Every structure is written in structure tokens, then in C-alpha cells.
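*Asks:* My structure is in final_21.cif, and what it holds is mmCIF, N, CA and C atoms:
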data_upload
loop_
_atom_site.label_atom_id
_atom_site.label_comp_id
_atom_site.auth_asym_id
_atom_site.auth_seq_id
_atom_site.Cartn_x
_atom_site.Cartn_y
_atom_site.Cartn_z
N MET M 1 -15.77 -41.12 7.92
CA MET M 1 -14.41 -41.32 8.37
C MET M 1 -14.42 -42.31 9.50
N SER M 2 -13.42 -43.15 9.51
CA SER M 2 -13.26 -44.03 10.65
C SER M 2 -11.78 -44.30 10.89
N LEU M 3 -11.45 -44.46 12.16
CA LEU M 3 -10.12 -44.85 12.57
C LEU M 3 -10.25 -46.16 13.31
N ASP M 4 -9.51 -47.14 12.85
CA ASP M 4 -9.51 -48.44 13.49
C ASP M 4 -8.19 -48.58 14.24
N ARG M 5 -8.26 -48.56 15.58
CA ARG M 5 -7.07 -48.68 16.40
C ARG M 5 -6.73 -50.15 16.56
N ILE M 6 -5.49 -50.51 16.20
CA ILE M 6 -5.08 -51.91 16.12
C ILE M 6 -3.98 -52.15 17.14
N ASN M 7 -4.23 -53.06 18.07
CA ASN M 7 -3.27 -53.39 19.11
C ASN M 7 -3.15 -54.91 19.23
N PRO M 8 -2.25 -55.51 18.41
CA PRO M 8 -2.11 -56.96 18.40
C PRO M 8 -1.72 -57.52 19.77
N ALA M 9 -2.30 -58.63 20.12
CA ALA M 9 -2.07 -59.25 21.43
C ALA M 9 -0.61 -59.66 21.62
N GLN M 10 0.12 -59.96 20.55
CA GLN M 10 1.49 -60.42 20.69
C GLN M 10 2.48 -59.27 20.95
N LEU M 11 2.02 -58.02 20.84
CA LEU M 11 2.88 -56.87 21.15
C LEU M 11 2.66 -56.44 22.59
N SER M 12 3.59 -55.65 23.11
CA SER M 12 3.44 -55.17 24.48
C SER M 12 2.14 -54.38 24.60
N PRO M 13 1.56 -54.34 25.80
CA PRO M 13 0.31 -53.62 25.97
C PRO M 13 0.44 -52.17 25.53
N ALA M 14 -0.53 -51.68 24.80
CA ALA M 14 -0.53 -50.29 24.33
C ALA M 14 -1.13 -49.42 25.42
N THR M 15 -0.28 -48.74 26.14
CA THR M 15 -0.71 -47.86 27.22
C THR M 15 -0.43 -46.42 26.80
N GLY M 16 -1.47 -45.67 26.51
CA GLY M 16 -1.31 -44.28 26.12
C GLY M 16 -0.99 -44.09 24.66
N PHE M 17 -1.15 -45.11 23.85
CA PHE M 17 -0.93 -45.03 22.41
C PHE M 17 -1.57 -46.24 21.77
N SER M 18 -1.67 -46.25 20.44
CA SER M 18 -2.10 -47.43 19.70
C SER M 18 -0.92 -47.88 18.84
N HIS M 19 -0.76 -49.19 18.68
CA HIS M 19 0.34 -49.71 17.85
C HIS M 19 0.16 -49.33 16.39
N ALA M 20 -1.06 -49.35 15.92
CA ALA M 20 -1.35 -48.98 14.54
C ALA M 20 -2.74 -48.37 14.48
N VAL M 21 -2.93 -47.50 13.50
CA VAL M 21 -4.24 -46.89 13.28
C VAL M 21 -4.51 -46.95 11.78
N ALA M 22 -5.56 -47.66 11.39
CA ALA M 22 -5.97 -47.70 9.99
C ALA M 22 -7.05 -46.64 9.81
N ALA M 23 -6.87 -45.80 8.80
CA ALA M 23 -7.78 -44.66 8.61
C ALA M 23 -8.46 -44.73 7.26
N THR M 24 -9.75 -44.44 7.28
CA THR M 24 -10.49 -44.22 6.05
C THR M 24 -11.20 -42.89 6.19
N GLY M 25 -11.16 -42.12 5.16
CA GLY M 25 -11.79 -40.81 5.21
C GLY M 25 -11.42 -40.04 3.97
N SER M 26 -11.83 -38.80 3.93
CA SER M 26 -11.61 -38.05 2.70
C SER M 26 -10.72 -36.84 2.88
N ARG M 27 -10.31 -36.54 4.08
CA ARG M 27 -9.51 -35.34 4.28
C ARG M 27 -8.41 -35.59 5.29
N LEU M 28 -7.15 -35.43 4.86
CA LEU M 28 -6.01 -35.52 5.77
C LEU M 28 -5.66 -34.13 6.25
N VAL M 29 -5.39 -34.01 7.54
CA VAL M 29 -4.94 -32.75 8.12
C VAL M 29 -3.58 -33.00 8.75
N PHE M 30 -2.57 -32.28 8.27
CA PHE M 30 -1.22 -32.38 8.81
C PHE M 30 -1.04 -31.22 9.78
N LEU M 31 -0.78 -31.56 11.04
CA LEU M 31 -0.70 -30.56 12.09
C LEU M 31 0.77 -30.24 12.38
N ALA M 32 1.12 -28.97 12.24
CA ALA M 32 2.49 -28.52 12.50
C ALA M 32 2.84 -28.71 13.96
N GLY M 33 4.13 -28.78 14.23
CA GLY M 33 4.61 -28.90 15.60
C GLY M 33 4.14 -27.75 16.46
N GLN M 34 3.63 -28.08 17.63
CA GLN M 34 3.15 -27.09 18.58
C GLN M 34 3.93 -27.23 19.89
N THR M 35 4.40 -26.11 20.39
CA THR M 35 5.05 -26.09 21.69
C THR M 35 4.14 -25.32 22.65
N ALA M 36 4.70 -24.91 23.77
CA ALA M 36 3.93 -24.22 24.80
C ALA M 36 3.90 -22.71 24.57
N LEU M 37 3.73 -22.30 23.32
CA LEU M 37 3.65 -20.87 23.01
C LEU M 37 2.25 -20.35 23.33
N ASP M 38 2.23 -19.18 24.00
CA ASP M 38 0.94 -18.53 24.22
C ASP M 38 0.60 -17.67 23.01
N GLY M 39 -0.50 -16.95 23.07
CA GLY M 39 -0.96 -16.15 21.95
C GLY M 39 0.00 -15.04 21.54
N SER M 40 0.89 -14.65 22.44
CA SER M 40 1.86 -13.59 22.11
C SER M 40 3.17 -14.16 21.62
N GLY M 41 3.28 -15.49 21.54
CA GLY M 41 4.50 -16.12 21.04
C GLY M 41 5.56 -16.39 22.08
N LYS M 42 5.17 -16.37 23.35
CA LYS M 42 6.11 -16.65 24.43
C LYS M 42 5.86 -18.06 24.99
N VAL M 43 6.95 -18.77 25.31
CA VAL M 43 6.82 -20.08 25.92
C VAL M 43 6.34 -19.90 27.35
N VAL M 44 5.29 -20.64 27.71
CA VAL M 44 4.74 -20.58 29.06
C VAL M 44 4.80 -21.96 29.69
N GLY M 45 4.84 -22.00 31.01
CA GLY M 45 4.90 -23.26 31.74
C GLY M 45 6.33 -23.56 32.16
N GLU M 46 6.52 -23.69 33.45
CA GLU M 46 7.86 -23.94 33.97
C GLU M 46 8.32 -25.37 33.76
N GLY M 47 7.42 -26.32 33.95
CA GLY M 47 7.82 -27.71 33.89
C GLY M 47 7.23 -28.43 32.69
N LEU M 48 7.64 -29.66 32.52
CA LEU M 48 7.20 -30.47 31.40
C LEU M 48 5.68 -30.68 31.39
N PRO M 49 5.05 -31.05 32.50
CA PRO M 49 3.59 -31.25 32.44
C PRO M 49 2.84 -29.98 32.00
N GLU M 50 3.26 -28.83 32.51
CA GLU M 50 2.59 -27.58 32.13
C GLU M 50 2.80 -27.29 30.65
N GLN M 51 4.03 -27.47 30.18
CA GLN M 51 4.30 -27.21 28.76
C GLN M 51 3.59 -28.23 27.87
N PHE M 52 3.53 -29.48 28.29
CA PHE M 52 2.82 -30.51 27.52
C PHE M 52 1.35 -30.12 27.37
N GLU M 53 0.73 -29.65 28.45
CA GLU M 53 -0.68 -29.28 28.40
C GLU M 53 -0.92 -28.13 27.41
N VAL M 54 -0.05 -27.13 27.43
CA VAL M 54 -0.21 -26.00 26.51
C VAL M 54 0.03 -26.46 25.07
N ALA M 55 1.07 -27.27 24.85
CA ALA M 55 1.37 -27.75 23.50
C ALA M 55 0.22 -28.59 22.96
N LEU M 56 -0.35 -29.48 23.79
CA LEU M 56 -1.47 -30.30 23.35
C LEU M 56 -2.70 -29.43 23.10
N THR M 57 -2.94 -28.46 23.96
CA THR M 57 -4.05 -27.54 23.74
C THR M 57 -3.89 -26.82 22.41
N ASN M 58 -2.67 -26.37 22.10
CA ASN M 58 -2.41 -25.70 20.83
C ASN M 58 -2.63 -26.63 19.65
N LEU M 59 -2.17 -27.88 19.75
CA LEU M 59 -2.36 -28.85 18.68
C LEU M 59 -3.85 -29.09 18.44
N LEU M 60 -4.60 -29.24 19.53
CA LEU M 60 -6.04 -29.49 19.40
C LEU M 60 -6.78 -28.26 18.87
N ALA M 61 -6.28 -27.06 19.18
CA ALA M 61 -6.89 -25.84 18.64
C ALA M 61 -6.70 -25.78 17.12
N ALA M 62 -5.51 -26.14 16.66
CA ALA M 62 -5.26 -26.17 15.21
C ALA M 62 -6.15 -27.21 14.55
N LEU M 63 -6.29 -28.37 15.19
CA LEU M 63 -7.15 -29.42 14.65
C LEU M 63 -8.60 -28.96 14.60
N ALA M 64 -9.08 -28.32 15.66
CA ALA M 64 -10.46 -27.83 15.69
C ALA M 64 -10.69 -26.79 14.60
N ALA M 65 -9.70 -25.93 14.37
CA ALA M 65 -9.83 -24.91 13.33
C ALA M 65 -9.95 -25.54 11.94
N ALA M 66 -9.39 -26.75 11.79
CA ALA M 66 -9.50 -27.48 10.52
C ALA M 66 -10.78 -28.31 10.45
N GLY M 67 -11.58 -28.28 11.52
CA GLY M 67 -12.84 -29.01 11.53
C GLY M 67 -12.77 -30.37 12.19
N GLY M 68 -11.68 -30.65 12.90
CA GLY M 68 -11.51 -31.96 13.51
C GLY M 68 -11.63 -31.94 15.01
N SER M 69 -11.58 -33.14 15.58
CA SER M 69 -11.63 -33.33 17.02
C SER M 69 -10.54 -34.31 17.42
N PRO M 70 -10.25 -34.45 18.71
CA PRO M 70 -9.19 -35.37 19.14
C PRO M 70 -9.39 -36.80 18.62
N ALA M 71 -10.62 -37.25 18.48
CA ALA M 71 -10.88 -38.61 17.99
C ALA M 71 -10.42 -38.80 16.55
N ASP M 72 -10.16 -37.71 15.82
CA ASP M 72 -9.71 -37.79 14.43
C ASP M 72 -8.20 -37.95 14.31
N LEU M 73 -7.47 -37.85 15.41
CA LEU M 73 -6.01 -37.97 15.36
C LEU M 73 -5.60 -39.40 15.04
N ALA M 74 -4.86 -39.57 13.96
CA ALA M 74 -4.35 -40.88 13.59
C ALA M 74 -2.91 -41.07 14.05
N ARG M 75 -2.15 -39.97 14.12
CA ARG M 75 -0.73 -40.04 14.46
C ARG M 75 -0.32 -38.78 15.21
N VAL M 76 0.44 -38.94 16.28
CA VAL M 76 1.05 -37.82 17.01
C VAL M 76 2.49 -38.20 17.31
N THR M 77 3.38 -37.26 17.04
CA THR M 77 4.78 -37.44 17.41
C THR M 77 5.11 -36.41 18.48
N VAL M 78 5.76 -36.87 19.54
CA VAL M 78 6.18 -36.01 20.64
C VAL M 78 7.70 -35.89 20.57
N TYR M 79 8.18 -34.67 20.57
CA TYR M 79 9.62 -34.39 20.59
C TYR M 79 9.93 -33.84 21.98
N ALA M 80 10.82 -34.51 22.71
CA ALA M 80 11.14 -34.12 24.08
C ALA M 80 12.63 -33.85 24.21
N VAL M 81 12.98 -32.77 24.88
CA VAL M 81 14.40 -32.47 25.08
C VAL M 81 15.00 -33.33 26.18
N ASP M 82 14.18 -33.97 26.99
CA ASP M 82 14.66 -34.86 28.06
C ASP M 82 13.70 -36.05 28.17
N VAL M 83 14.05 -37.13 27.49
CA VAL M 83 13.17 -38.30 27.47
C VAL M 83 13.04 -38.91 28.86
N SER M 84 14.11 -38.87 29.65
CA SER M 84 14.02 -39.40 31.02
C SER M 84 13.00 -38.62 31.84
N ALA M 85 12.99 -37.31 31.70
CA ALA M 85 11.98 -36.49 32.41
C ALA M 85 10.59 -36.80 31.88
N TYR M 86 10.48 -37.01 30.57
CA TYR M 86 9.18 -37.35 29.97
C TYR M 86 8.67 -38.66 30.58
N ARG M 87 9.54 -39.66 30.66
CA ARG M 87 9.15 -40.95 31.25
C ARG M 87 8.76 -40.79 32.71
N ALA M 88 9.50 -39.97 33.44
CA ALA M 88 9.21 -39.76 34.86
C ALA M 88 7.85 -39.09 35.06
N CYS M 89 7.43 -38.29 34.10
CA CYS M 89 6.15 -37.57 34.18
C CYS M 89 5.03 -38.30 33.43
N ALA M 90 5.29 -39.50 32.94
CA ALA M 90 4.35 -40.18 32.05
C ALA M 90 2.93 -40.28 32.62
N ALA M 91 2.80 -40.61 33.88
CA ALA M 91 1.46 -40.75 34.47
C ALA M 91 0.72 -39.41 34.44
N GLU M 92 1.40 -38.33 34.80
CA GLU M 92 0.77 -37.02 34.79
C GLU M 92 0.45 -36.57 33.37
N LEU M 93 1.36 -36.84 32.43
CA LEU M 93 1.11 -36.49 31.03
C LEU M 93 -0.08 -37.27 30.49
N GLY M 94 -0.20 -38.52 30.89
CA GLY M 94 -1.35 -39.33 30.49
C GLY M 94 -2.66 -38.75 31.00
N ARG M 95 -2.65 -38.24 32.22
CA ARG M 95 -3.87 -37.62 32.77
C ARG M 95 -4.22 -36.36 31.97
N VAL M 96 -3.20 -35.58 31.60
CA VAL M 96 -3.45 -34.38 30.79
C VAL M 96 -4.04 -34.80 29.45
N TRP M 97 -3.45 -35.83 28.81
CA TRP M 97 -3.96 -36.30 27.51
C TRP M 97 -5.42 -36.71 27.62
N ARG M 98 -5.74 -37.56 28.60
CA ARG M 98 -7.10 -38.06 28.73
C ARG M 98 -8.10 -36.94 29.00
N ARG M 99 -7.70 -35.94 29.79
CA ARG M 99 -8.58 -34.81 30.09
C ARG M 99 -8.85 -33.98 28.84
N LEU M 100 -7.85 -33.77 28.01
CA LEU M 100 -8.00 -32.90 26.84
C LEU M 100 -8.40 -33.65 25.57
N ALA M 101 -7.92 -34.88 25.41
CA ALA M 101 -8.10 -35.59 24.14
C ALA M 101 -8.88 -36.89 24.27
N GLY M 102 -9.14 -37.35 25.47
CA GLY M 102 -9.91 -38.58 25.64
C GLY M 102 -9.05 -39.83 25.63
N ARG M 103 -9.69 -40.96 25.40
CA ARG M 103 -9.01 -42.25 25.48
C ARG M 103 -8.83 -42.94 24.14
N ASP M 104 -9.18 -42.26 23.04
CA ASP M 104 -8.93 -42.80 21.70
C ASP M 104 -7.53 -42.38 21.29
N TYR M 105 -6.55 -43.25 21.56
CA TYR M 105 -5.16 -42.87 21.34
C TYR M 105 -4.75 -43.09 19.90
N PRO M 106 -4.00 -42.13 19.35
CA PRO M 106 -3.44 -42.31 18.01
C PRO M 106 -2.18 -43.17 18.09
N ALA M 107 -1.65 -43.52 16.93
CA ALA M 107 -0.31 -44.09 16.90
C ALA M 107 0.63 -42.97 17.35
N MET M 108 1.57 -43.29 18.23
CA MET M 108 2.41 -42.24 18.80
C MET M 108 3.87 -42.69 18.88
N ALA M 109 4.74 -41.70 18.92
CA ALA M 109 6.16 -41.93 19.18
C ALA M 109 6.68 -40.76 19.98
N VAL M 110 7.64 -41.02 20.85
CA VAL M 110 8.36 -39.98 21.58
C VAL M 110 9.79 -40.02 21.09
N ILE M 111 10.28 -38.87 20.64
CA ILE M 111 11.63 -38.78 20.09
C ILE M 111 12.42 -37.78 20.91
N GLY M 112 13.60 -38.18 21.36
CA GLY M 112 14.48 -37.27 22.09
C GLY M 112 15.21 -36.36 21.12
N VAL M 113 15.24 -35.08 21.45
CA VAL M 113 15.91 -34.09 20.61
C VAL M 113 16.86 -33.27 21.48
N VAL M 114 17.86 -32.69 20.84
CA VAL M 114 18.82 -31.87 21.56
C VAL M 114 18.19 -30.58 22.04
N ARG M 115 17.40 -29.96 21.16
CA ARG M 115 16.68 -28.74 21.52
C ARG M 115 15.56 -28.53 20.53
N LEU M 116 14.67 -27.60 20.87
CA LEU M 116 13.57 -27.23 19.99
C LEU M 116 13.80 -25.79 19.52
N TRP M 117 12.92 -25.30 18.65
CA TRP M 117 13.11 -23.98 18.06
C TRP M 117 13.32 -22.90 19.13
N ASP M 118 12.46 -22.89 20.15
CA ASP M 118 12.61 -21.96 21.27
C ASP M 118 13.39 -22.66 22.38
N ASP M 119 14.46 -22.02 22.83
CA ASP M 119 15.31 -22.64 23.85
C ASP M 119 14.54 -23.08 25.10
N GLN M 120 13.49 -22.34 25.47
CA GLN M 120 12.75 -22.65 26.70
C GLN M 120 11.77 -23.81 26.52
N ALA M 121 11.50 -24.20 25.29
CA ALA M 121 10.52 -25.26 25.03
C ALA M 121 11.10 -26.62 25.43
N LEU M 122 10.30 -27.38 26.16
CA LEU M 122 10.70 -28.71 26.62
C LEU M 122 10.09 -29.83 25.79
N VAL M 123 8.99 -29.52 25.09
CA VAL M 123 8.25 -30.55 24.36
C VAL M 123 7.54 -29.92 23.17
N GLU M 124 7.40 -30.71 22.10
CA GLU M 124 6.67 -30.27 20.90
C GLU M 124 5.87 -31.47 20.41
N LEU M 125 4.66 -31.20 19.92
CA LEU M 125 3.79 -32.25 19.39
C LEU M 125 3.37 -31.87 17.97
N ASP M 126 3.43 -32.84 17.05
CA ASP M 126 2.81 -32.65 15.74
C ASP M 126 1.93 -33.85 15.48
N GLY M 127 1.12 -33.77 14.43
CA GLY M 127 0.21 -34.88 14.21
C GLY M 127 -0.40 -34.91 12.83
N ILE M 128 -1.11 -36.01 12.60
CA ILE M 128 -1.87 -36.22 11.38
C ILE M 128 -3.27 -36.66 11.80
N ALA M 129 -4.27 -36.02 11.23
CA ALA M 129 -5.67 -36.38 11.51
C ALA M 129 -6.35 -36.75 10.20
N VAL M 130 -7.37 -37.59 10.32
CA VAL M 130 -8.18 -37.99 9.16
C VAL M 130 -9.61 -37.57 9.46
N LEU M 131 -10.11 -36.65 8.63
CA LEU M 131 -11.46 -36.12 8.81
C LEU M 131 -12.39 -36.68 7.75
N PRO M 132 -13.70 -36.72 8.06
CA PRO M 132 -14.65 -37.23 7.07
C PRO M 132 -14.71 -36.35 5.83
#
Spit out the file's structure as C-alpha cells when you get a sec.
*Replies:*
Amino acid sequence: MSLDRINPAQLSPATGFSHAVAATGSRLVFLAGQTALDGSGKVVGEGLPEQFEVALTNLLAALAAAGGSPADLARVTVYAVDVSAYRACAAELGRVWRRLAGRDYPAMAVIGVVRLWDDQALVELDGIAVLP
């Protein structure tokens, strides 16, 4: 399996994401949306950075259970109930990402939503990984 991260020079600098990811491999893993739910099904974390860390941890746990690692992520979509707050926390969220998932960024998008399944959830992440 290999992921080729593509960031053309004529596009804006890719900071915290890749513009495109070309994947070759034999197994696709589709990761369901993960929020800041703990093992008992309760949303934890008061603020966006705390909830982002739990949601990313949950996404990576699902990926690991499928036999993958953060480097296998080809695509991640972030759903945020407050995009302005997400942008304001971007540096801190980037530090959380790098600590948990490293510096091999997938193709990413942040989408503003009115609400998520659980009213207390501020952010949700889903993804696609390509495993060998």
C-alpha cells in the first residue's frame, strides 16, 4: 500500500492537509463519523480542542481495530458546528493532530453543520483509509 500526497505548487500552501492523495492498496476502510463519545456513550470535553482530541482518538481506534494506522488515512472530513471557532482553534487542533496522527496529512475538508447527532457534540470526524 502506498499513499502519494500531492500538493501542487500553484495551489495555496497545504497546511494541515494535503490537496490530493493518490492511493494504491488492496483494502479500503470507511470510518464512520466519530464524536467525543466516551465508552459509556456520553459526550466528554467542554471545548472544541478537547472534543476534537477525543473524536480523533476514537477515529484512530476504529482504524487500528481494522488493522490500520494514521499514515493509512487518505481522506478525513471534519464536521464542525462552529467553523469560526474551529478556525480560531486551528493551531491547537493542529498540535493535537500531529501528536496523535503525525505529519502525514490526508486530503481533508471542514464542513459547517447546524448540529450533530448529540446536541453537546461540537465536532465529528469521518474518514477513508487504504490498507495494504
*Asks:* Let me know the residues the PyMOL selection byres ((chain M and resi 122) around 8) catches in the file above, as a list in words.
*Replies:*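 With the PyMOL selection byres ((chain M and resi 122) around 8) on this model, the match is Thr35, Ala36, Gly47, Leu48, Gln51, Phe52, Tyr79, Ala80, Val81, Asp82, Arg115, Leu116, Asp118, Asp119, Gln120, Ala121, Val123 and Glu124 of chain M.
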*Asks:* Write the residues of the selection above to a file with N, CA and C atoms, as a compact mmCIF listing (two decimals), in the frame of the given file.
*Replies:*
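For reference, again-v2.txt as written:
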# COMPACT_ATOMS: atom_id res chain seq x y z
N THR M 35 4.40 -26.11 20.39
CA THR M 35 5.05 -26.09 21.69
C THR M 35 4.14 -25.32 22.65
N ALA M 36 4.70 -24.91 23.77
CA ALA M 36 3.93 -24.22 24.80
C ALA M 36 3.90 -22.71 24.57
N GLY M 47 7.42 -26.32 33.95
CA GLY M 47 7.82 -27.71 33.89
C GLY M 47 7.23 -28.43 32.69
N LEU M 48 7.64 -29.66 32.52
CA LEU M 48 7.20 -30.47 31.40
C LEU M 48 5.68 -30.68 31.39
N GLN M 51 4.03 -27.47 30.18
CA GLN M 51 4.30 -27.21 28.76
C GLN M 51 3.59 -28.23 27.87
N PHE M 52 3.53 -29.48 28.29
CA PHE M 52 2.82 -30.51 27.52
C PHE M 52 1.35 -30.12 27.37
N TYR M 79 8.18 -34.67 20.57
CA TYR M 79 9.62 -34.39 20.59
C TYR M 79 9.93 -33.84 21.98
N ALA M 80 10.82 -34.51 22.71
CA ALA M 80 11.14 -34.12 24.08
C ALA M 80 12.63 -33.85 24.21
N VAL M 81 12.98 -32.77 24.88
CA VAL M 81 14.40 -32.47 25.08
C VAL M 81 15.00 -33.33 26.18
N ASP M 82 14.18 -33.97 26.99
CA ASP M 82 14.66 -34.86 28.06
C ASP M 82 13.70 -36.05 28.17
N ARG M 115 17.40 -29.96 21.16
CA ARG M 115 16.68 -28.74 21.52
C ARG M 115 15.56 -28.53 20.53
N LEU M 116 14.67 -27.60 20.87
CA LEU M 116 13.57 -27.23 19.99
C LEU M 116 13.80 -25.79 19.52
N ASP M 118 12.46 -22.89 20.15
CA ASP M 118 12.61 -21.96 21.27
C ASP M 118 13.39 -22.66 22.38
N ASP M 119 14.46 -22.02 22.83
CA ASP M 119 15.31 -22.64 23.85
C ASP M 119 14.54 -23.08 25.10
N GLN M 120 13.49 -22.34 25.47
CA GLN M 120 12.75 -22.65 26.70
C GLN M 120 11.77 -23.81 26.52
N ALA M 121 11.50 -24.20 25.29
CA ALA M 121 10.52 -25.26 25.03
C ALA M 121 11.10 -26.62 25.43
N VAL M 123 8.99 -29.52 25.09
CA VAL M 123 8.25 -30.55 24.36
C VAL M 123 7.54 -29.92 23.17
N GLU M 124 7.40 -30.71 22.10
CA GLU M 124 6.67 -30.27 20.90
C GLU M 124 5.87 -31.47 20.41
*Asks:* May I have the residues within 8 Å of Cys89 of chain M as a list in words, using all atoms listed in the file and disregarding those fewer than 6 positions away in the same chain?
*Replies:* Leu48, Pro49, Val83 and Arg95 of chain M
*Asks:* Grab the atom CA of Ala109 of chain M to atom CA of Leu131 of chain M distance for me, in Å with one decimal place.
*Replies:*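 Those two atoms sit 21.3 Å apart.
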*Asks:* Determine the residue set returned by the PyMOL selection byres ((chain M and resi 13-29) around 5) for the present structure, and present it as a PyMOL selection string.
*Replies:* chain M and resi 1-7+11-12+30-31+105-108+128-132
*Asks:* Between atom CA of Ala9 of chain M and atom CA of Ala74 of chain M, measure the distance and give it in Å to one decimal.
*Replies:*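 A separation of 20.1 Å between them.
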*Asks:* Could you tell me which of M:Asp104, M:Val78, M:Pro8, M:Val54 comes closest to Gly33 of chain M if we count only C-alpha atoms?
*Replies:* M:Val78
*Asks:* Between atom CA of Arg103 of chain M and atom CA of Ala71 of chain M, measure the distance and give it in Å to one decimal.
*Replies:*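 If I compute the distance from atom CA of Arg103 of chain M to atom CA of Ala71 of chain M, I get 8.5 Å.
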*Asks:* Please give the centre and size of the box around segment 121-131 of chain M (axis-aligned, containing every atom listed in the file, 3 Å added per side), with values in Å to one decimal and written as lines of an AutoDock Vina configuration file.
*Replies:*
center_x = -0.4
center_y = -31.1
center_z = 17.2
size_x = 29.9
size_y = 19.8
size_z = 24.9
*Asks:* Please identify the alpha helix (DSSP H) residues within chain M (assignment by DSSP from backbone atoms) and present them as number ranges by chain.
*Replies:* M: 48-65, 83-88, 90-101
